[in-house]
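Okay, data_25.csv is below, CSV, C-alpha atoms and all ligand atoms:
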chain,number,residue,atom,x,y,z
A,1,MET,CA,8.6,51.4,-24.9
A,2,GLU,CA,5.0,50.9,-25.8
A,3,LEU,CA,2.7,48.6,-23.9
A,4,LYS,CA,2.1,46.4,-26.9
A,5,ALA,CA,5.8,45.6,-27.2
A,6,LEU,CA,6.4,45.4,-23.4
A,7,ARG,CA,3.4,43.3,-22.4
A,8,PRO,CA,4.7,39.9,-23.7
A,9,GLU,CA,8.0,40.4,-21.9
A,10,LEU,CA,6.2,41.3,-18.6
A,11,LEU,CA,3.7,38.5,-18.9
A,12,ALA,CA,6.5,36.0,-19.6
A,13,ALA,CA,8.3,37.1,-16.5
A,14,VAL,CA,5.1,36.6,-14.5
A,15,GLU,CA,4.5,33.1,-15.9
A,16,GLU,CA,8.0,32.0,-15.2
A,17,ARG,CA,8.0,33.2,-11.6
A,18,LEU,CA,4.5,31.8,-11.0
A,19,LEU,CA,5.8,28.4,-12.2
A,20,ALA,CA,8.8,28.7,-9.8
A,21,LEU,CA,6.6,29.8,-6.9
A,22,SER,CA,4.2,26.8,-7.4
A,23,SER,CA,6.9,24.2,-7.9
A,24,PRO,CA,6.4,21.3,-5.5
A,25,GLU,CA,8.1,21.3,-2.1
A,26,PRO,CA,10.1,18.1,-1.6
A,27,ASP,CA,7.4,16.3,0.4
A,28,GLU,CA,4.3,17.9,-1.2
A,29,PRO,CA,1.3,15.6,-2.0
A,30,PRO,CA,1.1,15.7,-5.9
A,31,PRO,CA,-2.6,16.3,-6.1
A,32,LEU,CA,-2.1,19.6,-4.2
A,33,THR,CA,0.6,20.7,-6.7
A,34,GLU,CA,-1.8,19.9,-9.5
A,35,ALA,CA,-4.7,21.8,-7.9
A,36,VAL,CA,-2.6,24.9,-7.2
A,37,ARG,CA,-1.2,24.8,-10.7
A,38,ARG,CA,-4.6,24.3,-12.3
A,39,ALA,CA,-5.8,27.4,-10.4
A,40,LEU,CA,-2.8,29.4,-11.5
A,41,PHE,CA,-2.5,28.4,-15.1
A,42,ASN,CA,-6.0,28.1,-16.5
A,43,GLY,CA,-6.2,31.1,-18.7
A,44,GLY,CA,-6.3,34.1,-16.4
A,45,LYS,CA,-5.6,37.4,-18.1
A,46,ARG,CA,-3.0,38.5,-15.5
A,47,VAL,CA,-4.5,41.9,-15.3
A,48,ARG,CA,-3.4,42.6,-11.7
A,49,PRO,CA,0.3,41.5,-12.0
A,50,LEU,CA,0.5,43.6,-15.2
A,51,LEU,CA,-0.9,46.6,-13.4
A,52,ALA,CA,1.7,46.1,-10.6
A,53,LEU,CA,4.6,46.0,-13.1
A,54,LEU,CA,3.3,49.0,-15.1
A,55,ALA,CA,2.9,51.0,-11.9
A,56,ALA,CA,6.5,50.2,-11.0
A,57,ARG,CA,7.6,51.4,-14.5
A,58,ALA,CA,5.5,54.6,-14.2
A,59,PHE,CA,7.7,55.6,-11.2
A,60,GLY,CA,10.9,54.6,-12.8
A,61,GLY,CA,11.3,51.3,-11.1
A,62,ARG,CA,12.9,48.2,-12.6
A,63,THR,CA,10.2,45.6,-13.0
A,64,GLU,CA,12.4,42.6,-12.0
A,65,GLY,CA,12.3,43.8,-8.4
A,66,CYS,CA,8.6,43.7,-8.5
A,67,VAL,CA,7.8,40.4,-10.2
A,68,ASP,CA,7.4,38.5,-6.9
A,69,LEU,CA,5.0,41.1,-5.6
A,70,ALA,CA,3.0,41.0,-8.9
A,71,CYS,CA,2.9,37.2,-8.6
A,72,ALA,CA,1.8,37.5,-5.0
A,73,VAL,CA,-1.2,39.5,-6.0
A,74,GLU,CA,-2.1,37.0,-8.8
A,75,MET,CA,-1.9,34.2,-6.3
A,76,VAL,CA,-4.3,36.0,-4.0
A,77,HIS,CA,-6.6,36.5,-7.0
A,78,ALA,CA,-6.4,32.8,-7.9
A,79,SER,CA,-7.2,31.9,-4.3
A,80,SER,CA,-10.2,34.2,-4.2
A,81,LEU,CA,-11.6,32.7,-7.4
A,82,ILE,CA,-11.4,29.2,-6.0
A,83,LEU,CA,-13.3,30.4,-2.8
A,84,ASP,CA,-15.8,32.5,-4.8
A,85,ASP,CA,-16.8,29.4,-6.9
A,86,LEU,CA,-17.6,27.2,-3.9
A,87,PRO,CA,-21.2,26.1,-3.3
A,88,CYS,CA,-21.4,28.2,-0.1
A,89,MET,CA,-20.4,31.3,-2.1
A,90,ASP,CA,-21.2,31.9,-5.7
A,91,ASP,CA,-21.8,28.2,-6.4
A,92,SER,CA,-20.3,28.3,-9.9
A,93,PRO,CA,-19.4,24.9,-11.5
A,94,LEU,CA,-17.3,26.6,-14.2
A,95,ARG,CA,-14.4,29.0,-14.2
A,96,ARG,CA,-12.9,30.3,-17.4
A,97,GLY,CA,-15.0,27.8,-19.3
A,98,LYS,CA,-13.6,24.8,-17.4
A,99,PRO,CA,-14.7,22.9,-14.3
A,100,ALA,CA,-14.2,25.1,-11.2
A,101,LEU,CA,-11.5,23.7,-8.9
A,102,HIS,CA,-13.9,22.1,-6.4
A,103,MET,CA,-15.7,20.3,-9.3
A,104,ALA,CA,-12.4,18.9,-10.6
A,105,PHE,CA,-10.7,18.1,-7.2
A,106,GLY,CA,-13.5,18.2,-4.6
A,107,GLU,CA,-14.3,20.9,-2.1
A,108,ASP,CA,-11.7,19.8,0.4
A,109,VAL,CA,-8.8,20.0,-2.0
A,110,ALA,CA,-10.1,23.3,-3.5
A,111,LEU,CA,-10.1,24.8,0.0
A,112,LEU,CA,-6.6,23.5,0.7
A,113,ALA,CA,-5.4,24.8,-2.6
A,114,ALA,CA,-6.8,28.3,-1.8
A,115,TYR,CA,-5.0,28.3,1.5
A,116,ALA,CA,-1.8,27.1,-0.1
A,117,LEU,CA,-2.0,29.9,-2.6
A,118,LEU,CA,-2.5,32.5,0.1
A,119,GLY,CA,0.5,31.1,2.0
A,120,GLY,CA,2.5,31.1,-1.2
A,121,ALA,CA,1.4,34.7,-1.9
A,122,PHE,CA,2.7,35.9,1.4
A,123,ARG,CA,6.0,34.1,1.0
A,124,ALA,CA,6.4,35.6,-2.4
A,125,ALA,CA,5.6,39.1,-1.2
A,126,ALA,CA,7.9,38.8,1.9
A,127,ARG,CA,10.8,37.4,-0.2
A,128,GLY,CA,10.3,39.9,-3.0
A,129,ALA,CA,10.0,42.8,-0.6
A,130,ALA,CA,13.2,41.8,1.3
A,131,ARG,CA,15.2,42.3,-1.9
A,132,LEU,CA,14.0,45.9,-2.4
A,133,PRO,CA,15.5,49.0,-0.8
A,134,GLN,CA,14.2,49.1,2.8
A,135,GLU,CA,14.6,52.8,3.7
A,136,ARG,CA,11.2,54.2,2.5
A,137,TYR,CA,9.2,51.0,2.7
A,138,PRO,CA,10.5,48.2,4.9
A,139,ALA,CA,9.5,44.6,3.8
A,140,GLU,CA,6.6,44.5,6.3
A,141,ALA,CA,5.0,47.4,4.6
A,142,TYR,CA,4.5,45.3,1.4
A,143,VAL,CA,3.2,42.4,3.4
A,144,ASP,CA,0.8,44.7,5.3
A,145,GLU,CA,-0.5,46.1,2.1
A,146,LEU,CA,-1.3,42.7,0.7
A,147,ALA,CA,-2.9,41.5,4.0
A,148,GLY,CA,-5.1,44.7,4.2
A,149,ALA,CA,-6.4,44.1,0.6
A,150,ILE,CA,-7.5,40.6,1.6
A,151,GLY,CA,-9.0,41.3,5.0
A,152,THR,CA,-12.4,42.4,6.4
A,153,ALA,CA,-11.9,45.8,4.9
A,154,GLY,CA,-10.9,44.3,1.5
A,155,LEU,CA,-11.8,41.2,-0.5
A,156,VAL,CA,-13.4,39.4,2.5
A,157,GLY,CA,-15.5,42.4,3.5
A,158,GLY,CA,-16.7,42.9,-0.1
A,159,GLN,CA,-17.5,39.2,-0.4
A,160,TYR,CA,-19.4,39.2,2.9
A,161,LEU,CA,-21.7,42.0,1.7
A,162,ASP,CA,-22.1,40.4,-1.7
A,163,LEU,CA,-23.4,37.3,0.1
A,164,HIS,CA,-25.4,39.2,2.7
A,165,PRO,CA,-26.6,42.3,0.8
A,166,PRO,CA,-28.9,45.0,2.4
A,167,THR,CA,-32.6,44.5,1.6
A,168,ALA,CA,-32.5,47.4,-0.9
A,169,VAL,CA,-29.3,47.2,-3.0
A,170,ASP,CA,-28.6,50.7,-4.3
A,171,PHE,CA,-25.6,52.1,-6.2
A,172,ALA,CA,-23.7,52.9,-3.0
A,173,ALA,CA,-24.1,49.4,-1.8
A,174,LEU,CA,-22.9,48.0,-5.1
A,175,GLU,CA,-20.0,50.4,-5.1
A,176,TYR,CA,-19.0,49.2,-1.6
A,177,ILE,CA,-19.2,45.6,-2.6
A,178,HIS,CA,-17.2,46.0,-5.7
A,179,SER,CA,-14.7,48.5,-4.6
A,180,HIS,CA,-13.8,45.8,-2.0
A,181,LYS,CA,-14.3,42.6,-4.0
A,182,THR,CA,-12.5,43.9,-7.1
A,183,GLY,CA,-11.1,47.3,-6.2
A,184,ALA,CA,-9.0,46.2,-3.2
A,185,LEU,CA,-6.7,43.9,-5.3
A,186,PHE,CA,-6.4,46.5,-8.1
A,187,ILE,CA,-5.4,49.1,-5.5
A,188,ALA,CA,-2.9,46.7,-3.8
A,189,ALA,CA,-1.4,45.7,-7.2
A,190,ALA,CA,-0.8,49.3,-8.2
A,191,ARG,CA,0.4,50.5,-4.8
A,192,LEU,CA,2.8,47.5,-4.4
A,193,GLY,CA,4.3,48.3,-7.9
A,194,ALA,CA,4.7,52.0,-7.0
A,195,MET,CA,6.2,51.1,-3.6
A,196,ALA,CA,8.7,48.8,-5.3
A,197,ALA,CA,9.7,51.7,-7.4
A,198,GLN,CA,10.1,53.8,-4.3
A,199,ALA,CA,7.3,56.2,-5.1
A,200,ARG,CA,6.7,58.8,-2.4
A,201,PRO,CA,3.7,58.4,0.0
A,202,ALA,CA,1.9,61.3,-1.8
A,203,GLU,CA,2.4,59.4,-5.1
A,204,LEU,CA,0.9,56.3,-3.6
A,205,GLU,CA,-2.3,58.3,-3.0
A,206,THR,CA,-2.3,59.2,-6.7
A,207,VAL,CA,-1.9,55.6,-7.6
A,208,THR,CA,-4.7,54.6,-5.1
A,209,GLY,CA,-7.1,57.0,-6.8
A,210,PHE,CA,-6.2,55.7,-10.2
A,211,ALA,CA,-6.6,52.1,-9.3
A,212,LYS,CA,-9.8,52.6,-7.4
A,213,ASN,CA,-11.5,54.1,-10.4
A,214,LEU,CA,-10.0,51.5,-12.7
A,215,GLY,CA,-11.2,48.6,-10.5
A,216,LEU,CA,-14.7,49.9,-10.4
A,217,ALA,CA,-14.8,50.4,-14.2
A,218,PHE,CA,-13.5,46.9,-14.6
A,219,GLN,CA,-16.3,45.5,-12.5
A,220,ILE,CA,-19.0,47.4,-14.3
A,221,GLN,CA,-17.6,46.1,-17.5
A,222,ASP,CA,-17.8,42.6,-16.0
A,223,ASP,CA,-21.5,43.1,-15.4
A,224,LEU,CA,-21.9,44.2,-19.0
A,225,LEU,CA,-19.9,41.3,-20.4
A,226,ASP,CA,-21.8,38.8,-18.3
A,227,ALA,CA,-25.1,40.0,-19.7
A,228,ARG,CA,-24.1,41.0,-23.2
A,229,SER,CA,-21.2,38.8,-24.3
A,230,THR,CA,-21.1,35.2,-25.6
A,231,PRO,CA,-19.5,32.2,-23.9
A,232,GLU,CA,-17.1,31.9,-26.8
A,233,ALA,CA,-15.9,35.5,-26.5
A,234,LEU,CA,-15.8,35.5,-22.7
A,235,GLY,CA,-14.3,32.0,-22.2
A,236,LYS,CA,-16.9,31.4,-19.4
A,237,PRO,CA,-20.7,31.0,-19.2
A,238,VAL,CA,-22.6,34.2,-19.5
A,239,GLY,CA,-25.7,35.2,-17.5
A,240,GLN,CA,-24.1,34.1,-14.2
A,241,ASP,CA,-25.3,37.2,-12.5
A,242,ARG,CA,-29.0,36.6,-13.4
A,243,GLY,CA,-31.2,37.2,-10.4
A,244,LYS,CA,-28.6,39.4,-8.7
A,245,THR,CA,-28.7,43.1,-8.5
A,246,THR,CA,-25.8,44.4,-10.6
A,247,PHE,CA,-24.8,47.8,-11.9
A,248,LEU,CA,-26.6,46.8,-15.1
A,249,THR,CA,-29.9,45.8,-13.5
A,250,LEU,CA,-29.8,48.9,-11.4
A,251,SER,CA,-28.9,51.5,-14.0
A,252,GLY,CA,-29.3,50.0,-17.5
A,253,GLU,CA,-26.8,49.6,-20.2
A,254,THR,CA,-26.4,53.2,-21.4
A,255,ALA,CA,-25.8,54.5,-17.8
A,256,CYS,CA,-23.3,51.6,-17.2
A,257,ARG,CA,-21.3,52.5,-20.4
A,258,SER,CA,-21.2,56.1,-19.4
A,259,ALA,CA,-20.1,55.2,-15.9
A,260,VAL,CA,-17.3,53.1,-17.3
A,261,ASP,CA,-16.2,56.0,-19.4
A,262,ALA,CA,-16.4,58.4,-16.5
A,263,LEU,CA,-14.5,56.1,-14.2
A,264,LEU,CA,-11.7,55.5,-16.7
A,265,GLY,CA,-11.6,59.3,-17.3
A,266,ALA,CA,-11.2,59.8,-13.6
A,267,ALA,CA,-8.5,57.1,-13.4
A,268,LEU,CA,-6.6,58.9,-16.1
A,269,ALA,CA,-7.0,62.3,-14.4
A,270,HIS,CA,-5.3,60.8,-11.3
A,271,LEU,CA,-2.2,60.1,-13.5
A,272,ARG,CA,-1.5,63.8,-14.2
A,273,PRO,CA,1.2,64.1,-11.5
A,274,VAL,CA,2.9,60.9,-12.6
A,275,GLY,CA,6.2,61.4,-14.4
A,276,ASP,CA,5.7,58.9,-17.2
A,277,PRO,CA,2.0,57.9,-17.3
A,278,SER,CA,2.1,56.5,-20.8
A,279,LEU,CA,2.1,52.8,-20.0
A,280,LEU,CA,-0.6,53.2,-17.4
A,281,GLU,CA,-2.6,55.2,-19.9
A,282,ALA,CA,-2.2,52.4,-22.4
A,283,PHE,CA,-3.4,50.0,-19.8
A,284,VAL,CA,-6.5,52.0,-19.3
A,285,GLU,CA,-7.1,51.8,-23.0
A,286,TYR,CA,-6.7,48.0,-22.9
A,287,VAL,CA,-9.3,47.9,-20.1
A,288,ARG,CA,-11.6,50.2,-22.1
A,289,THR,CA,-11.6,48.0,-25.1
A,290,ARG,CA,-11.5,44.6,-23.4
A,291,THR,CA,-13.9,41.9,-24.6
A,292,ALA,CA,-13.1,39.2,-21.9
A,301,LIG,C1,-9.4,35.0,1.4
A,301,LIG,C2,-8.4,35.5,-0.9
A,301,LIG,C3,-9.6,35.4,-0.1
A,301,LIG,C4,-10.8,35.8,-0.5
A,301,LIG,C5,-12.1,35.6,0.2
A,301,LIG,C6,-14.1,34.8,-2.0
A,301,LIG,C7,-13.6,36.1,-1.7
A,301,LIG,C8,-13.2,36.5,-0.3
A,301,LIG,C9,-13.6,37.1,-2.6
A,301,LIG,C10,-14.0,36.9,-4.0
A,301,LIG,C11,-13.6,38.1,-4.8
A,301,LIG,C12,-13.9,38.0,-6.3
A,301,LIG,C13,-14.0,36.6,-6.9
A,301,LIG,C14,-14.0,39.1,-7.0
A,301,LIG,C15,-14.3,39.1,-8.4
A,301,LIG,C16,-13.3,39.9,-9.1
A,301,LIG,C17,-13.2,39.8,-10.6
A,301,LIG,C18,-13.7,41.0,-11.4
A,301,LIG,C19,-12.8,38.7,-11.2
A,301,LIG,C20,-12.6,38.5,-12.6
A,301,LIG,O1,-11.3,39.1,-12.8
A,301,LIG,P1,-10.5,38.8,-14.1
A,301,LIG,O2,-11.3,39.2,-15.3
A,301,LIG,O3,-10.3,37.3,-14.1
A,301,LIG,O4,-9.2,39.5,-14.0
A,301,LIG,P2,-9.2,36.3,-14.9
A,301,LIG,O5,-10.0,35.1,-15.2
A,301,LIG,O6,-8.7,37.0,-16.1
A,301,LIG,O7,-8.1,36.1,-13.9

Would you mind writing the structure in this file as structure tokens?
Ligand code: GRG
Amino acid sequence: MELKALRPELLAAVEERLLALSSPEPDEPPPLTEAVRRALFNGGKRVRPLLALLAARAFGGRTEGCVDLACAVEMVHASSLILDDLPCMDDSPLRRGKPALHMAFGEDVALLAAYALLGGAFRAAARGAARLPQERYPAEAYVDELAGAIGTAGLVGGQYLDLHPPTAVDFAALEYIHSHKTGALFIAAARLGAMAAQARPAELETVTGFAKNLGLAFQIQDDLLDARSTPEALGKPVGQDRGKTTFLTLSGETACRSAVDALLGAALAHLRPVGDPSLLEAFVEYVRTRTA
């Protein structure tokens, strides 16, 4: 099946499960439910869960077994966006064109919602993983994968260096920041999908190389979109990175566009040993042509 035809079905499964995963506990304070749901359902593209589900398909896995894992990754992503927007971090009043969560609910509720999403993500991952075959990858391997992507050598580490950059930010420093801030969750999404499909450890390495290149290309595109797109096309304010060193300020537009092409080419090259790479190839094409 082609990605165009499959995508709505996969995204519908993700929406449905995210709704279930964020349904209120019997004694949950309603404002928390509202904040968590606002963070989850405010127009995200669902790139990471889609990547997880397509990676599962590429290794012959049934995607139902992987939906919880895909949703766990999206919940971590939603949590990271809440935290990223806080005044002590990126200090952004808007997210996806609407008030950031701390603007709508206050910083205290935003922080609590971010923690609630993280807890929910681990619950989803643990429960999803427990329903998969345990011989090659026991349930804790999936949980460990997700935890590693968040930690000091993942999202948190990348965010730290983004907030405390070295005095001279060069390409290597930016690559470190973004391969952690953005790349870590792309890698976790693709690996979790492949693990759910029982891909062999060597195949996981292939998937890691694929997702690493894809994640970095995605981030460089983000820099380009931030500088060159319009708020209408992007669904959020542009020029947010002004004053920051980005791939664009460091290398210029032409070099950035070449880097995106080269990275996407490298991502595709990693797919050569994959049995049926067609859906992941189509996903690369979607990333190549994205406008938001
Ligand atoms: C403890 C979860 C946690 C995080 C702490 C705050 C933080 C560390 C990390 C921030 C990471 C971050 C916000 C990276 C930006 C990644 C990125 C490219 C975001 C945009 O992704 P899209 O385009 O967003 O997929 P949508 O809006 O479509 O969901």

Return as a list in words every polymer residue, whether protein, DNA or RNA, with at least one atom no more than 7 Å from an atom of ligand LIG 301 (chain A); count all atoms listed in the file.
Gly43, Gly44, Lys45, Arg46, Val47, Arg48, Val76, His77, Ser79, Ser80, Leu81, Leu83, Asp84, Arg96, Leu118, Ile150, Leu155, Val156, Gln159, Lys181, Thr182, Phe218, Gln219, Asp222 and Ala292 of chain A

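Nearest to Lys98 (chain A) of all the residues A:Thr230, A:Thr63, A:Thr246, A:Asn42 is A:Asn42, counting all atoms listed in the file.
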
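Nearest to Leu224 (chain A) of all the residues A:Val207, A:Ala39, A:Ala255, A:Ala190 is A:Ala255, counting all atoms listed in the file.
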
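The interatomic distance for the pair CA of Ala149 (chain A) and CA of Leu54 (chain A) works out to 19.1 Å.
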
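For the pair CA of Phe105 (chain A) and CA of Asp90 (chain A), the separation is 17.4 Å.
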
Atomic distance CA of Arg62 (chain A) - CA of Asn213 (chain A), expressed in Å with one decimal
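Separation of CA of Arg62 (chain A) and CA of Asn213 (chain A): 25.2 Å.
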
Selected residue of minimal separation from Leu163 (chain A) among A:Glu145, A:Glu107, A:Asp91, A:Glu203, counting only C-alpha atoms:
A:Asp91

Would you please work out which residue, of A:Leu264, A:Glu205, A:Tyr137, A:Thr245, is nearest to Ala173 (chain A) when using all atoms listed in the file?
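Selected residue with least distance to Ala173 (chain A): A:Thr245.
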
Give me, as number ranges by chain, all polymer residues having an atom no more than 8 Å from Asp68 (chain A), counting only C-alpha atoms and skipping those fewer than 5 positions away in the same chain.
A: 17, 124-125, 127-128

Here's a test: counting all atoms listed in the file, identify every protein, DNA and RNA residue with an atom at most 9 Å from (1.3, 43.6, -15.3) in the file's coordinate frame, and state them as a ChimeraX atom specification.
/A:7,10-11,14,46-55,67,70,189

Which one of A:Leu112, A:Leu3, A:Ala194, A:Val143 sits closest to Cys66 (chain A) if you count all atoms listed in the file?
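The answer is A:Ala194, which sits nearest to Cys66 (chain A).
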
Skipping near chain neighbours, those fewer than 5 positions away, what residues fall within 9 Å of Pro87 (chain A) using only C-alpha atoms, listed as a list in words?
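Non-adjacent residues within range: Ser92, Pro93, His102 and Glu107 of chain A.
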
Here is a test: counting all atoms listed in the file, which residue of A:Gly193, A:Thr249, A:Glu34, A:Ser179 is nearest to Val73 (chain A)?
A:Gly193

Identify, on the basis of all atoms listed in the file, every residue whose closest approach to Gln221 (chain A) does not exceed 12 Å; exclude the query and any residue fewer than 2 positions from it along the same chain; express the result as a PDB file with C-alpha atoms, keeping the file's coordinate frame.
ATOM      1  CA  HIS A 178     -17.200  46.000  -5.700  1.00  0.00           C
ATOM      2  CA  THR A 182     -12.500  43.900  -7.100  1.00  0.00           C
ATOM      3  CA  LEU A 214     -10.000  51.500 -12.700  1.00  0.00           C
ATOM      4  CA  GLY A 215     -11.200  48.600 -10.500  1.00  0.00           C
ATOM      5  CA  LEU A 216     -14.700  49.900 -10.400  1.00  0.00           C
ATOM      6  CA  ALA A 217     -14.800  50.400 -14.200  1.00  0.00           C
ATOM      7  CA  PHE A 218     -13.500  46.900 -14.600  1.00  0.00           C
ATOM      8  CA  GLN A 219     -16.300  45.500 -12.500  1.00  0.00           C
ATOM      9  CA  ASP A 223     -21.500  43.100 -15.400  1.00  0.00           C
ATOM     10  CA  LEU A 224     -21.900  44.200 -19.000  1.00  0.00           C
ATOM     11  CA  LEU A 225     -19.900  41.300 -20.400  1.00  0.00           C
ATOM     12  CA  ASP A 226     -21.800  38.800 -18.300  1.00  0.00           C
ATOM     13  CA  ALA A 227     -25.100  40.000 -19.700  1.00  0.00           C
ATOM     14  CA  ARG A 228     -24.100  41.000 -23.200  1.00  0.00           C
ATOM     15  CA  SER A 229     -21.200  38.800 -24.300  1.00  0.00           C
ATOM     16  CA  LEU A 234     -15.800  35.500 -22.700  1.00  0.00           C
ATOM     17  CA  THR A 246     -25.800  44.400 -10.600  1.00  0.00           C
ATOM     18  CA  PHE A 247     -24.800  47.800 -11.900  1.00  0.00           C
ATOM     19  CA  LEU A 248     -26.600  46.800 -15.100  1.00  0.00           C
ATOM     20  CA  GLU A 253     -26.800  49.600 -20.200  1.00  0.00           C
ATOM     21  CA  THR A 254     -26.400  53.200 -21.400  1.00  0.00           C
ATOM     22  CA  ALA A 255     -25.800  54.500 -17.800  1.00  0.00           C
ATOM     23  CA  CYS A 256     -23.300  51.600 -17.200  1.00  0.00           C
ATOM     24  CA  ARG A 257     -21.300  52.500 -20.400  1.00  0.00           C
ATOM     25  CA  SER A 258     -21.200  56.100 -19.400  1.00  0.00           C
ATOM     26  CA  ALA A 259     -20.100  55.200 -15.900  1.00  0.00           C
ATOM     27  CA  VAL A 260     -17.300  53.100 -17.300  1.00  0.00           C
ATOM     28  CA  ASP A 261     -16.200  56.000 -19.400  1.00  0.00           C
ATOM     29  CA  LEU A 263     -14.500  56.100 -14.200  1.00  0.00           C
ATOM     30  CA  LEU A 264     -11.700  55.500 -16.700  1.00  0.00           C
ATOM     31  CA  VAL A 287      -9.300  47.900 -20.100  1.00  0.00           C
ATOM     32  CA  ARG A 288     -11.600  50.200 -22.100  1.00  0.00           C
ATOM     33  CA  THR A 289     -11.600  48.000 -25.100  1.00  0.00           C
ATOM     34  CA  ARG A 290     -11.500  44.600 -23.400  1.00  0.00           C
ATOM     35  CA  THR A 291     -13.900  41.900 -24.600  1.00  0.00           C
ATOM     36  CA  ALA A 292     -13.100  39.200 -21.900  1.00  0.00           C
TER      37      ALA A 292
END

Fewer than 6 positions away in the same chain doesn't count, so skip those; otherwise give me all residues within 12 Å of Phe41 (chain A), counting only C-alpha atoms, as number ranges by chain.
A: 14-16, 18-19, 22, 33-35, 74-75, 78, 95-96, 98, 101

Could I get region 143-158 of chain A rebuilt with N, CA and C atoms, written as a PDB file, in the coordinates of the input?
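Result file follows (part_25.pdb):
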ATOM      1  N   VAL A 143       3.956  43.474   2.912  1.00  0.00           N
ATOM      2  CA  VAL A 143       3.200  42.400   3.400  1.00  0.00           C
ATOM      3  C   VAL A 143       1.851  42.913   4.014  1.00  0.00           C
ATOM      4  N   ASP A 144       1.988  44.027   4.725  1.00  0.00           N
ATOM      5  CA  ASP A 144       0.800  44.700   5.300  1.00  0.00           C
ATOM      6  C   ASP A 144      -0.174  45.123   4.259  1.00  0.00           C
ATOM      7  N   GLU A 145       0.352  45.652   3.178  1.00  0.00           N
ATOM      8  CA  GLU A 145      -0.500  46.100   2.100  1.00  0.00           C
ATOM      9  C   GLU A 145      -1.319  44.957   1.498  1.00  0.00           C
ATOM     10  N   LEU A 146      -0.655  43.837   1.295  1.00  0.00           N
ATOM     11  CA  LEU A 146      -1.300  42.700   0.700  1.00  0.00           C
ATOM     12  C   LEU A 146      -2.384  42.140   1.717  1.00  0.00           C
ATOM     13  N   ALA A 147      -2.009  42.061   2.991  1.00  0.00           N
ATOM     14  CA  ALA A 147      -2.900  41.500   4.000  1.00  0.00           C
ATOM     15  C   ALA A 147      -4.173  42.433   4.106  1.00  0.00           C
ATOM     16  N   GLY A 148      -3.955  43.746   4.055  1.00  0.00           N
ATOM     17  CA  GLY A 148      -5.100  44.700   4.200  1.00  0.00           C
ATOM     18  C   GLY A 148      -6.056  44.502   3.000  1.00  0.00           C
ATOM     19  N   ALA A 149      -5.521  44.214   1.825  1.00  0.00           N
ATOM     20  CA  ALA A 149      -6.400  44.100   0.600  1.00  0.00           C
ATOM     21  C   ALA A 149      -7.255  42.817   0.750  1.00  0.00           C
ATOM     22  N   ILE A 150      -6.783  41.813   1.478  1.00  0.00           N
ATOM     23  CA  ILE A 150      -7.500  40.600   1.600  1.00  0.00           C
ATOM     24  C   ILE A 150      -8.603  40.648   2.692  1.00  0.00           C
ATOM     25  N   GLY A 151      -8.291  41.387   3.766  1.00  0.00           N
ATOM     26  CA  GLY A 151      -9.000  41.300   5.000  1.00  0.00           C
ATOM     27  C   GLY A 151     -10.470  41.777   4.992  1.00  0.00           C
ATOM     28  N   THR A 152     -10.977  41.986   6.217  1.00  0.00           N
ATOM     29  CA  THR A 152     -12.400  42.400   6.400  1.00  0.00           C
ATOM     30  C   THR A 152     -12.712  43.726   5.772  1.00  0.00           C
ATOM     31  N   ALA A 153     -11.694  44.551   5.558  1.00  0.00           N
ATOM     32  CA  ALA A 153     -11.900  45.800   4.900  1.00  0.00           C
ATOM     33  C   ALA A 153     -11.473  45.722   3.411  1.00  0.00           C
ATOM     34  N   GLY A 154     -11.306  44.495   2.923  1.00  0.00           N
ATOM     35  CA  GLY A 154     -10.900  44.300   1.500  1.00  0.00           C
ATOM     36  C   GLY A 154     -11.749  43.216   0.880  1.00  0.00           C
ATOM     37  N   LEU A 155     -11.096  42.247   0.233  1.00  0.00           N
ATOM     38  CA  LEU A 155     -11.800  41.200  -0.500  1.00  0.00           C
ATOM     39  C   LEU A 155     -12.872  40.493   0.388  1.00  0.00           C
ATOM     40  N   VAL A 156     -12.456  40.132   1.611  1.00  0.00           N
ATOM     41  CA  VAL A 156     -13.400  39.400   2.500  1.00  0.00           C
ATOM     42  C   VAL A 156     -14.596  40.237   2.843  1.00  0.00           C
ATOM     43  N   GLY A 157     -14.363  41.514   3.146  1.00  0.00           N
ATOM     44  CA  GLY A 157     -15.500  42.400   3.500  1.00  0.00           C
ATOM     45  C   GLY A 157     -16.435  42.558   2.296  1.00  0.00           C
ATOM     46  N   GLY A 158     -15.883  42.730   1.108  1.00  0.00           N
ATOM     47  CA  GLY A 158     -16.700  42.900  -0.100  1.00  0.00           C
ATOM     48  C   GLY A 158     -17.514  41.616  -0.365  1.00  0.00           C
TER      49      GLY A 158
END
